[in-house]
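Undergrad: Take a look at the following structure, please.
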Amino acid sequence: MREQLGSTDGIADAAEGERVLRRISRRLMPLLFVLYLLAYVDRQNVSYAKLEMVDALGLSEAAYGLGASLFFLGYFLFEAPSNMILARVGARVWFARILGTWGLITVALGFTRDATMFYVLRFLLGAAEAGFFPGVLFVLTLWYPQARRAQMVGWFMIASAVANAVGSLIGGALLELGGLWGLAGWQWIFVATGLPAVLMTPVVLLMLPSRPADARFLTDADKAWLARTLAAEPAQVVEGSAWRAMVNPDVLRLAALYFAMPLGAYGLSYWLPTIVRGFGASNIQNGMLNVVPWICVGLALWFVPRHAARRGGSRWHIVGPMLIAAAALMGSVVLPGVAVKFACLCLAAAAVFAGQPMFWSVPQRLLTGAHAAAGLAAINSIGNLGGFVAQNAVPAVRDATGSNLAPMALLSVALALSAAGFFLLLPRLDRSRAA
């Protein structure tokens with residue numbers, strides 16, 4: 001009788017949990033999705049502005065790449081402090097601050113007059129946006145149990161695919177507005193992509209709860225279930241200050257291996273418009289063709305986390321996509337035919353992003369609370385230096401060799417080596433956590 005009652009109570013608790021999580025997802029995820037969409041449009045607008053801005057400011061490809069990449073330096077320096085402030089003041093106020101400042105700086109980029117101003121504003125943009133992505137990852141640890149986080153990260157990251165697709169359409173179209181109101185096409189790109197972030201700032205202040213305890217859409221019973229569920233989950237214990245999580249050996253290993261993912265993603269997204277233009281596409285055609293790879297990314301981010309949730313996540317959900325991306329990047333250069341090359345670029349884009357939701361579930365299982373805020377920021381800030389390298393090394397290698405093969409080989413080798421590292425590290429982390 002007691003066994004039957006316990007079984008019934010377990011089913012009832014599971015049903016209650018599903019109801020609570022659905023309610024959270026309906027209220028939280030659409031807003032986070034829109035914010036990340038704006039963030040990613042803001043990040044990739046520089047790749048379309050590049051098509052005119054290089055000549056307008058008299059920059060070389062390498063000099064423009066340096067300016068674009070200074071975003072990641074500012075991001076690296078300010079990300080961990082930003083996430084620690086988020087853990088203290090809550091998501092509502094801090095996300096609103098991030099959103100408003102990055103929007104204003106993006107608009108200011110539209111009025112860049114020389115290389116120095118471009119460099120300074122790109123650095124400030126990285127500092128302003130620092131903490132948003134790892135901040136969302138930390139926020140998800142407050143709202144979802146471990147078993148759901150990879151899927152939620154996947155849904156959240158689909159915004160990056162939508163943003164790149166939208167950015168591809170509007171990037172080419174905005175270039176055609178050159179001359180309207182005295183602004184060049186590249187200026188319209190920055191102004192039009194910065195204003196929505198500014199306008200969304202009061203929306204965040206009104207709609208985003210700082211913590212589950214502040215959520216008006218949850219009942220006291222809902223909050224109690226969530227707190228009880230999260231408290232029962234195991235996590236690695238890090239002694240002392242939350243800042244010590246940043247030098248935790250496992251955190252540093254994950255950061256080093258994650259480096260290749262932004263390297264591949266930003267190396268590809270930064271050069272994709274330039275590569276497609278090499279096929280003979282006009283600005284509008286370029287934008288329309290660049291929608292296709294990001295549709296593939298969205299499908300991959302939907303499918304891989306769902307597959308992992310149904311079958312049980314394994315290291316192959318991280319390693320497999322990275323190896324596929326490495327092979328596809330090389331195929332986009334060495335295989336004959338424009339259609340085949342473009343298909344390889346689509347596959348590479350999907351694969352580079354597909355493993356990231358499962359990757360981020362790993363540190364979210366290891367750390368909790370303020371330690372999770374610091375650890376996630378450390379991994380993302382160190383790893384995102386891959387974006388800095390991508391926007392400097394890729395154009396430098398391209399300028400030095402005069403071909404697309406060498407820069408794509410650089411990205412491919414980095415992804416393959418990182419995949420091998422994950423293959424060896426992840427089983428050890430699982431054994432350590434189980435112990």
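Residues in the structure tokens are numbered from 1 in each chain, the chains being A, B, ... in the order shown, and ligands are numbered from 1 in the order shown.
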Residues at most 6 Å from segment 304-318 of chain A, counting only C-alpha atoms, excluding those fewer than 4 positions away in the same chain, as an MDAnalysis selection string?
TA: chainID A and resid 151 300 355
Undergrad: Env of Leu263 of chain A: 9 Å cut, atoms = only C-alpha atoms, seq-sep filter 5 positions within chain, self excluded. Answer as number ranges by chain.
TA: A: 258, 268, 383-391, 411, 414-415
Undergrad: Those residues you just picked out, can you put them in a file as a CSV table (one decimal), in the first residue's frame with N, CA, C and O atoms?
TA:
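File written: again.csv
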```csv
chain,number,residue,atom,x,y,z
A,258,TYR,N,36.5,24.8,-25.0
A,258,TYR,CA,35.4,25.6,-25.6
A,258,TYR,C,35.9,26.6,-26.6
A,258,TYR,O,35.2,27.0,-27.5
A,268,LEU,N,33.5,31.6,-39.2
A,268,LEU,CA,32.6,31.3,-40.3
A,268,LEU,C,31.7,32.5,-40.5
A,268,LEU,O,31.5,32.9,-41.6
A,383,GLY,N,36.8,31.3,-23.5
A,383,GLY,CA,36.5,30.6,-24.7
A,383,GLY,C,36.2,31.6,-25.9
A,383,GLY,O,36.6,31.4,-27.0
A,384,ASN,N,35.5,32.7,-25.5
A,384,ASN,CA,35.2,33.7,-26.5
A,384,ASN,C,36.4,34.5,-27.1
A,384,ASN,O,36.2,35.2,-28.0
A,385,LEU,N,37.5,34.3,-26.4
A,385,LEU,CA,38.7,34.8,-27.1
A,385,LEU,C,39.0,34.1,-28.4
A,385,LEU,O,39.7,34.7,-29.3
A,386,GLY,N,38.3,33.0,-28.6
A,386,GLY,CA,38.3,32.4,-29.9
A,386,GLY,C,37.7,33.3,-31.0
A,386,GLY,O,38.2,33.3,-32.1
A,387,GLY,N,36.7,34.1,-30.6
A,387,GLY,CA,36.2,35.1,-31.5
A,387,GLY,C,37.2,36.2,-31.9
A,387,GLY,O,37.3,36.6,-33.0
A,388,PHE,N,38.0,36.6,-30.8
A,388,PHE,CA,39.1,37.6,-31.1
A,388,PHE,C,40.1,37.0,-32.0
A,388,PHE,O,40.5,37.7,-33.0
A,389,VAL,N,40.5,35.7,-31.8
A,389,VAL,CA,41.5,35.1,-32.7
A,389,VAL,C,40.9,35.0,-34.1
A,389,VAL,O,41.6,35.2,-35.1
A,390,ALA,N,39.6,34.6,-34.2
A,390,ALA,CA,39.0,34.3,-35.5
A,390,ALA,C,39.0,35.6,-36.4
A,390,ALA,O,39.3,35.5,-37.6
A,391,GLN,N,38.7,36.7,-35.7
A,391,GLN,CA,38.6,38.0,-36.5
A,391,GLN,C,40.0,38.7,-36.7
A,391,GLN,O,40.0,39.7,-37.3
A,411,LEU,N,40.7,26.7,-38.8
A,411,LEU,CA,39.5,26.5,-38.0
A,411,LEU,C,39.2,25.0,-37.9
A,411,LEU,O,38.8,24.5,-36.8
A,414,ALA,N,41.6,23.3,-35.3
A,414,ALA,CA,41.2,23.7,-33.9
A,414,ALA,C,40.0,22.9,-33.4
A,414,ALA,O,40.0,22.5,-32.3
A,415,LEU,N,39.0,22.8,-34.3
A,415,LEU,CA,37.8,22.1,-33.9
A,415,LEU,C,38.1,20.6,-33.7
A,415,LEU,O,37.5,20.0,-32.7
```
Undergrad: Give me, please, the distance in Å between atom CA of Leu38 of chain A and atom CA of Ala197 of chain A, quoted to one decimal.
TA: 6.4 Å
Undergrad: Within 12 Å of Leu57 of chain A, counting only C-alpha atoms, which residues show up once you throw out same-chain ones fewer than 2 positions away? Write them as a ChimeraX atom specification, please.
TA: /A:49-55,59-61,63-64,67,111-119,184,186-187
Undergrad: Which distance in Å separates atom CA of Val394 of chain A and atom CA of Val46 of chain A, to one decimal?
TA: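 Separation between atom CA of Val394 of chain A and atom CA of Val46 of chain A: 15.4 Å.
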Undergrad: Any idea what the distance is between atom CA of Thr141 of chain A and atom CA of Thr368 of chain A?
TA: 7.4 Å
Undergrad: Please identify all polymer residues within 6 Å of Ser210 of chain A, counting only C-alpha atoms, omitting same-chain residues fewer than 4 positions from it, and present them as an MDAnalysis selection string.
TA: chainID A and resid 90:92
Undergrad: At a cut-off of 7 Å, using only C-alpha atoms, what residues contact Glu129 of chain A? Leave out same-chain residues fewer than 2 positions from it and give the result as a list in words.
TA: Tyr75, Ile98, Trp102, Leu125, Gly126, Ala127, Gly131 and Phe132 of chain A
Undergrad: Write out as a ChimeraX atom specification the residues lying within 12 Å of Ala373 of chain A, counting only C-alpha atoms and excluding same-chain residues fewer than 2 positions away.
TA: /A:79-88,90-91,131-142,241-246,251,363-364,366-371,375-381
Undergrad: Let me make sure I understand: among A:Ala406, A:Val198, A:Val162, A:Leu109, which one has the smallest atom-to-atom distance to Leu301 of chain A if we use only C-alpha atoms?
TA: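 Among the listed residues, A:Val162 lies closest to Leu301 of chain A.
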Undergrad: For each of A:Ser418, A:Arg211, A:Pro321, A:Gly331, take the minimum atom-to-atom distance to Val89 of chain A, counting only C-alpha atoms, then give the residue where this is smallest.
TA: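 Among the listed residues, the smallest separation from Val89 of chain A belongs to A:Arg211.
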Undergrad: Skipping near chain neighbours, those fewer than 5 positions away, what residues fall within 12 Å of Met207 of chain A using only C-alpha atoms, listed as a PyMOL selection string?
TA: chain A and resi 27-32+91-93+95-96+200-202+214-217
Undergrad: Would you please work out which residue, of A:Leu230, A:Ala339, A:Ala256, A:Val334, is nearest to Val276 of chain A when using only C-alpha atoms?
TA: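 Result for the nearest residue to Val276 of chain A: A:Ala339.
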Undergrad: With distances taken over only C-alpha atoms, which residue among A:Val153, A:Leu121, A:Ala163, A:Ala354 lies nearest Ala39 of chain A?
TA: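 Nearest to Ala39 of chain A: A:Ala163.
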